[in-house]
$ cat protein_10.txt   # compact mmCIF, C-alpha atoms and all ligand atoms
# COMPACT_ATOMS: atom_id res chain seq x y z
CA MET A 1 184.92 96.60 -142.19
CA ILE A 2 187.47 93.82 -141.71
CA ASP A 3 188.17 93.00 -138.08
CA PRO A 4 191.99 92.69 -138.06
CA VAL A 5 192.00 90.38 -135.06
CA ALA A 6 189.36 88.08 -136.52
CA SER A 7 191.06 88.05 -139.93
CA GLN A 8 194.41 87.23 -138.41
CA ASN A 9 192.90 84.52 -136.28
CA ALA A 10 191.24 83.07 -139.36
CA ASN A 11 194.72 82.24 -140.61
CA PHE A 12 194.99 79.77 -137.77
CA GLU A 13 191.79 77.86 -138.51
CA GLY A 14 192.45 74.18 -138.74
CA THR A 15 195.91 74.53 -137.23
CA THR A 16 197.10 73.99 -133.70
CA ILE A 17 198.92 77.31 -133.56
CA CYS A 18 197.43 79.61 -130.97
CA PRO A 19 196.06 82.82 -132.42
CA SER A 20 197.10 86.19 -131.08
CA PRO A 21 195.02 89.14 -129.91
CA VAL A 22 197.49 91.40 -131.79
CA PRO A 23 196.53 92.05 -135.45
CA GLY A 24 198.49 89.82 -137.85
CA GLU A 25 200.52 92.48 -139.64
CA LEU A 26 201.63 94.08 -136.35
CA LEU A 27 202.51 90.70 -134.91
CA ALA A 28 204.61 89.92 -137.99
CA TYR A 29 206.28 93.34 -137.69
CA ILE A 30 207.13 92.74 -134.01
CA GLN A 31 208.45 89.29 -134.70
CA GLU A 32 210.49 90.21 -137.78
CA THR A 33 211.98 93.23 -136.03
CA PHE A 34 212.73 91.81 -132.60
CA ALA A 35 212.61 88.04 -132.85
CA PRO A 36 213.27 86.73 -136.35
CA GLU A 37 213.26 82.97 -136.89
CA THR A 38 216.82 81.68 -136.61
CA GLU A 39 218.67 78.73 -138.10
CA ALA A 40 218.75 77.18 -134.62
CA LEU A 41 214.96 77.41 -134.31
CA ARG A 42 214.52 75.86 -137.77
CA THR A 43 216.77 72.99 -136.68
CA LEU A 44 214.71 72.46 -133.52
CA THR A 45 211.48 72.54 -135.53
CA ALA A 46 212.86 69.98 -137.97
CA ALA A 47 213.81 67.76 -135.01
CA ALA A 48 210.27 68.13 -133.64
CA ARG A 49 208.74 66.98 -136.95
CA THR A 50 211.14 64.03 -137.19
CA ALA A 51 210.27 62.96 -133.65
CA GLY A 52 206.53 63.24 -134.41
CA MET A 53 205.85 66.02 -131.92
CA PRO A 54 202.61 67.96 -132.40
CA GLU A 55 202.89 71.22 -134.34
CA GLY A 56 202.45 74.56 -132.64
CA TRP A 57 203.06 73.50 -129.05
CA GLU A 58 206.34 75.38 -128.77
CA ILE A 59 206.50 79.02 -127.77
CA THR A 60 206.77 81.43 -130.67
CA PRO A 61 209.84 83.66 -131.16
CA ASP A 62 208.10 86.76 -129.79
CA VAL A 63 207.43 84.97 -126.50
CA GLY A 64 210.96 83.52 -126.50
CA ARG A 65 212.43 86.97 -126.97
CA LEU A 66 210.28 88.32 -124.14
CA PHE A 67 211.66 85.61 -121.85
CA GLN A 68 215.20 86.58 -122.84
CA VAL A 69 214.54 90.23 -122.01
CA LEU A 70 213.12 89.28 -118.62
CA CYS A 71 215.95 86.86 -117.81
CA ARG A 72 218.57 89.42 -118.77
CA ALA A 73 216.81 92.10 -116.72
CA ILE A 74 217.19 90.04 -113.55
CA GLY A 75 220.66 88.65 -114.41
CA ALA A 76 219.33 85.09 -114.47
CA ARG A 77 221.84 82.23 -114.32
CA ARG A 78 219.59 79.28 -113.43
CA VAL A 79 216.20 78.60 -114.96
CA LEU A 80 213.80 75.73 -114.35
CA GLU A 81 211.40 74.86 -117.15
CA PHE A 82 208.49 72.42 -117.08
CA GLY A 83 207.90 71.04 -120.60
CA THR A 84 210.82 70.64 -123.04
CA LEU A 85 209.17 69.35 -126.23
CA ALA A 86 211.90 69.87 -128.88
CA GLY A 87 213.71 72.55 -126.88
CA HIS A 88 212.54 75.83 -128.45
CA SER A 89 211.90 77.62 -125.15
CA ALA A 90 214.98 75.99 -123.60
CA TRP A 91 217.03 77.45 -126.46
CA TRP A 92 215.63 80.97 -125.95
CA LEU A 93 216.26 80.75 -122.22
CA ALA A 94 219.75 79.25 -122.57
CA MET A 95 220.76 81.99 -125.02
CA ALA A 96 219.85 84.61 -122.39
CA LEU A 97 222.11 83.09 -119.73
CA PRO A 98 225.77 83.95 -119.22
CA GLU A 99 228.59 81.42 -119.49
CA GLY A 100 228.09 78.76 -116.84
CA GLY A 101 224.33 79.39 -116.75
CA LYS A 102 221.95 76.43 -116.73
CA VAL A 103 218.41 75.60 -117.84
CA VAL A 104 216.94 72.50 -116.21
CA SER A 105 214.08 71.39 -118.45
CA VAL A 106 211.66 68.63 -117.40
CA GLU A 107 210.06 66.36 -120.02
CA ILE A 108 207.84 63.33 -119.45
CA ASN A 109 208.20 61.74 -122.88
CA PRO A 110 211.47 59.74 -123.14
CA GLU A 111 211.70 59.89 -126.95
CA TRP A 112 211.02 63.61 -126.99
CA ALA A 113 213.53 64.20 -124.17
CA GLU A 114 216.18 62.35 -126.18
CA ALA A 115 215.30 64.17 -129.41
CA ALA A 116 215.49 67.51 -127.57
CA ARG A 117 218.90 66.65 -126.08
CA ARG A 118 220.26 65.83 -129.53
CA ALA A 119 218.74 68.90 -131.16
CA LEU A 120 219.94 71.25 -128.40
CA ASP A 121 223.45 69.80 -128.79
CA GLU A 122 223.23 70.37 -132.52
CA VAL A 123 222.32 74.05 -132.09
CA GLY A 124 225.15 74.56 -129.63
CA VAL A 125 223.40 74.95 -126.26
CA GLY A 126 223.61 71.34 -125.05
CA MET A 127 226.08 72.33 -122.32
CA LYS A 128 223.65 74.88 -120.95
CA VAL A 129 220.50 72.72 -120.93
CA GLU A 130 219.90 69.68 -118.79
CA VAL A 131 216.84 67.82 -120.05
CA ARG A 132 215.53 65.95 -117.04
CA LEU A 133 213.32 62.97 -117.91
CA GLY A 134 210.26 62.47 -115.73
CA ALA A 135 206.82 63.67 -114.74
CA VAL A 136 206.81 67.09 -113.10
CA GLN A 137 204.70 65.82 -110.21
CA GLU A 138 207.24 63.10 -109.49
CA LEU A 139 210.28 65.38 -109.67
CA LEU A 140 209.09 68.23 -107.45
CA GLU A 141 210.49 66.76 -104.25
CA THR A 142 213.91 66.07 -105.80
CA LEU A 143 214.11 69.48 -107.44
CA GLU A 144 213.26 71.19 -104.18
CA ARG A 145 215.78 69.10 -102.22
CA GLU A 146 218.52 69.97 -104.72
CA VAL A 147 217.85 73.67 -104.28
CA ARG A 148 217.93 73.33 -100.49
CA GLU A 149 221.07 71.20 -100.32
CA ARG A 150 223.06 73.19 -102.89
CA HIS A 151 221.79 76.58 -101.70
CA MET A 152 221.12 77.37 -105.34
CA PRO A 153 217.60 78.62 -105.92
CA TYR A 154 216.33 79.29 -109.44
CA ASP A 155 216.21 82.76 -110.94
CA ALA A 156 213.17 81.85 -113.01
CA VAL A 157 210.62 79.05 -113.28
CA PHE A 158 208.68 78.60 -116.53
CA LEU A 159 205.45 76.56 -116.48
CA ASP A 160 204.46 74.98 -119.79
CA THR A 161 203.15 71.48 -118.99
CA ASP A 162 199.82 70.17 -117.72
CA LYS A 163 197.72 73.33 -117.17
CA ALA A 164 195.59 71.61 -114.52
CA ARG A 165 198.65 71.67 -112.25
CA TYR A 166 199.44 75.36 -112.60
CA PRO A 167 197.91 76.39 -109.22
CA GLU A 168 199.91 73.71 -107.41
CA LEU A 169 203.11 74.65 -109.28
CA LEU A 170 202.62 78.32 -108.49
CA GLU A 171 202.71 77.62 -104.75
CA TRP A 172 205.58 75.15 -105.17
CA SER A 173 207.67 77.68 -107.12
CA THR A 174 207.96 79.85 -103.99
CA ARG A 175 210.13 77.10 -102.48
CA VAL A 176 212.70 77.17 -105.28
CA LEU A 177 212.74 80.78 -106.49
CA ARG A 178 215.21 83.32 -105.20
CA PRO A 179 213.96 86.70 -103.99
CA GLY A 180 213.30 88.77 -107.10
CA GLY A 181 213.03 85.59 -109.21
CA LEU A 182 210.47 85.22 -111.98
CA LEU A 183 207.52 82.93 -112.40
CA LEU A 184 206.59 82.61 -116.09
CA ALA A 185 203.60 80.67 -117.42
CA ASP A 186 202.21 80.12 -120.91
CA ASN A 187 198.55 79.60 -121.95
CA VAL A 188 197.02 81.67 -119.19
CA LEU A 189 194.41 83.14 -121.57
CA ARG A 190 193.80 80.40 -124.08
CA SER A 191 194.97 77.22 -125.68
CA SER A 192 194.25 75.56 -128.99
CA SER A 193 193.69 72.32 -127.05
CA TRP A 194 190.69 73.67 -125.09
CA LYS A 195 188.44 72.52 -127.96
CA GLY A 196 186.64 75.80 -128.44
CA GLN A 197 186.01 76.46 -124.74
CA THR A 198 187.24 79.84 -123.56
CA LEU A 199 188.63 81.16 -120.31
CA LEU A 200 185.67 83.46 -119.65
CA ASP A 201 182.86 81.17 -120.76
CA PRO A 202 180.78 80.67 -117.59
CA LEU A 203 179.76 77.23 -118.87
CA ALA A 204 183.34 76.03 -119.51
CA ASP A 205 183.96 72.77 -117.68
CA ASP A 206 187.40 71.80 -119.00
CA PRO A 207 189.46 71.16 -115.83
CA ARG A 208 192.42 72.96 -117.44
CA ILE A 209 190.37 76.13 -117.90
CA LEU A 210 189.08 75.96 -114.33
CA ALA A 211 192.66 75.50 -113.11
CA ILE A 212 193.95 78.42 -115.19
CA ARG A 213 191.21 80.66 -113.75
CA ARG A 214 192.32 79.65 -110.26
CA PHE A 215 195.98 80.14 -111.17
CA ASN A 216 195.38 83.64 -112.54
CA ARG A 217 193.31 84.65 -109.52
CA ILE A 218 195.86 83.29 -107.01
CA LEU A 219 198.75 84.93 -108.87
CA ALA A 220 196.96 88.28 -109.14
CA GLU A 221 196.19 88.32 -105.42
CA HIS A 222 199.34 86.59 -104.15
CA PRO A 223 201.00 88.60 -101.37
CA HIS A 224 204.47 87.52 -102.53
CA PHE A 225 204.20 88.01 -106.28
CA THR A 226 203.94 91.24 -108.24
CA SER A 227 202.41 89.97 -111.42
CA MET A 228 200.75 90.67 -114.74
CA ILE A 229 199.44 88.85 -117.79
CA LEU A 230 200.92 89.93 -121.12
CA PRO A 231 198.29 89.34 -123.82
CA LEU A 232 200.87 87.91 -126.19
CA ARG A 233 199.81 84.82 -128.17
CA ALA A 234 198.14 82.42 -125.72
CA GLY A 235 198.73 84.78 -122.78
CA VAL A 236 201.91 84.85 -120.72
CA ALA A 237 201.87 85.37 -116.97
CA VAL A 238 204.86 87.04 -115.36
CA GLY A 239 205.29 87.28 -111.60
CA VAL A 240 208.19 88.64 -109.57
CA TYR A 241 208.66 86.76 -106.33
CA GLU A 242 209.35 88.57 -103.06
CA PRO A 243 209.41 86.19 -100.10
CA PRO A 244 207.98 87.14 -96.74
CA THR A 245 210.55 88.99 -94.63
CA THR A 246 211.74 87.03 -91.63
CA ALA A 247 212.10 88.78 -88.30
CA PRO A 248 215.78 89.48 -87.39
C1 LIG A 301 203.56 72.86 -124.59
S1 LIG A 301 204.80 71.63 -124.65
C2 LIG A 301 206.26 72.51 -124.12
C3 LIG A 301 206.79 73.43 -125.16
C4 LIG A 301 208.16 73.99 -124.85
N1 LIG A 301 208.17 74.64 -123.55
C5 LIG A 301 208.54 75.02 -125.90
O1 LIG A 301 208.01 76.14 -125.83
O2 LIG A 301 209.32 74.70 -126.79
C6 LIG A 301 204.48 70.68 -123.22
C7 LIG A 301 205.50 69.57 -122.98
O3 LIG A 301 205.32 69.12 -121.66
C8 LIG A 301 205.41 67.72 -121.62
N2 LIG A 301 204.61 67.28 -120.45
C9 LIG A 301 203.26 67.20 -120.36
N3 LIG A 301 202.89 66.81 -119.12
C10 LIG A 301 204.03 66.65 -118.43
C11 LIG A 301 204.33 66.26 -117.09
N4 LIG A 301 203.35 65.96 -116.24
N5 LIG A 301 205.62 66.20 -116.70
C12 LIG A 301 206.63 66.53 -117.57
N6 LIG A 301 206.41 66.89 -118.84
C13 LIG A 301 205.13 66.95 -119.27
C14 LIG A 301 204.85 67.26 -122.96
O4 LIG A 301 205.34 65.97 -123.29
C15 LIG A 301 205.35 68.37 -123.88
O5 LIG A 301 206.58 68.05 -124.44

$ encode --input "protein_10.txt" --output "structure tokens"
Amino acid sequence: MIDPVASQNANFEGTTICPSPVPGELLAYIQETFAPETEALRTLTAAARTAGMPEGWEITPDVGRLFQVLCRAIGARRVLEFGTLAGHSAWWLAMALPEGGKVVSVEINPEWAEAARRALDEVGVGMKVEVRLGAVQELLETLEREVRERHMPYDAVFLDTDKARYPELLEWSTRVLRPGGLLLADNVLRSSSWKGQTLLDPLADDPRILAIRRFNRILAEHPHFTSMILPLRAGVAVGVYEPPTTAP
């Protein structure tokens, strides 16, 4: 008997695209029905190829659509994203925000940041996305200060950069998220860059895998997040933030 998951995953052999635990034909059905590829996404992908960005690093349309549903559900207006690449996830997030909404998207690579700015302009969401050039670890203080000084916390924070920093970014996000805000994180079950090592392999020694295990454990047990992993693609973590109540 053909294992539908294994056969679908076989399609990804030799590529950098992360396989999915959902059988291929069902995944295609979900994506075609709820999140078809758009002209804007094709433009962003073309910009990624021109700029020499690696293939398959961007979130897929099913994950993008999920983010839109979640952002709409909480009436998000301001979203912080770590990891722009060509702007695919920024586009999905921006399209979920109302007029005047803003995605701040952090990118370490200057050429990629510039290519993303141009491409996001071209697909019509340039006004809604601020691509902020810099390393996440160097921008945390500034981002936090901005939130404090402007009294404008984020409605959602999406983690999609260096996985080894996820535990640190999880704790940091509590300083910039509003009550009821969302923490989103990609690759919490697997990544094509883990070179065959898996999340549950007791012998795995990749620091990113060890960090993701810590991240998932902390998020699952965190007293101020109600959270879950959606086994979509590489695994998406979703947490709803509820800050500690302060005594009157
Ligand atoms: C997986 S890609 C992001 C994909 C994007 N979120 C999307 O779905 O379209 C990760 C991006 O994070 C950037 N990056 C990696 N480490 C970073 C860091 N420490 N600070 C800022 N950006 C970083 C990489 O250059 C890359 O563009």

$ closest_atom_pairs --input "protein_10.txt" --of "segment 88-166 of chain A" --to "segment 187-210 of chain A" --cutoff "10 Å" --atoms "all atoms listed in the file" --output "Markdown table"
| residue | atom | partner | partner_atom | distance |
| --- | --- | --- | --- | --- |
| A:Leu159 | CA | A:Asn187 | CA | 9.3 |
| A:Asp160 | CA | A:Asn187 | CA | 7.8 |
| A:Thr161 | CA | A:Asn187 | CA | 9.8 |
| A:Asp162 | CA | A:Arg208 | CA | 7.9 |
| A:Lys163 | CA | A:Arg208 | CA | 5.3 |
| A:Ala164 | CA | A:Arg208 | CA | 4.5 |
| A:Arg165 | CA | A:Arg208 | CA | 8.2 |
| A:Tyr166 | CA | A:Arg208 | CA | 8.9 |

$ write_last_selection --input "protein_10.txt" --atoms "C-alpha atoms" --output "PDB file, keeping the file's coordinate frame"
ATOM      1  CA  LEU A 159     205.450  76.560-116.480  1.00  0.00           C
ATOM      2  CA  ASP A 160     204.460  74.980-119.790  1.00  0.00           C
ATOM      3  CA  THR A 161     203.150  71.480-118.990  1.00  0.00           C
ATOM      4  CA  ASP A 162     199.820  70.170-117.720  1.00  0.00           C
ATOM      5  CA  LYS A 163     197.720  73.330-117.170  1.00  0.00           C
ATOM      6  CA  ALA A 164     195.590  71.610-114.520  1.00  0.00           C
ATOM      7  CA  ARG A 165     198.650  71.670-112.250  1.00  0.00           C
ATOM      8  CA  TYR A 166     199.440  75.360-112.600  1.00  0.00           C
TER       9      TYR A 166
END

$ residues_around --input "protein_10.txt" --residues "segment 95-98 of chain A" --least-positions-apart "4" --cutoff "12 Å" --atoms "all atoms listed in the file" --output "ChimeraX atom specification"
/A:40-41,64-79,87-91,102-103,120,123-129,155-156

$ atom_distance --input "protein_10.txt" --atom1 "atom CA of Leu139 of chain A" --atom2 "atom S1 of ligand LIG 301 (chain A)"
17.1 Å

$ residues_near_ligand --input "protein_10.txt" --ligand "ligand LIG 301 (chain A)" --cutoff "6 Å" --atoms "only C-alpha atoms and all ligand atoms" --output "NGL selection string"
:A and (57-59 or 83-89 or 106-109 or 134-136 or 160-162)

$ atom_distance --input "protein_10.txt" --atom1 "atom CA of Thr246 of chain A" --atom2 "atom CA of His224 of chain A"
13.1 Å

$ closest_residue --input "protein_10.txt" --among "A:Glu138, A:Glu99, A:Asp186, A:Asp121" --to "Pro231 of chain A" --atoms "all atoms listed in the file"
A:Asp186

$ atom_distance --input "protein_10.txt" --atom1 "atom CA of Ile212 of chain A" --atom2 "atom CA of Leu232 of chain A"
16.1 Å
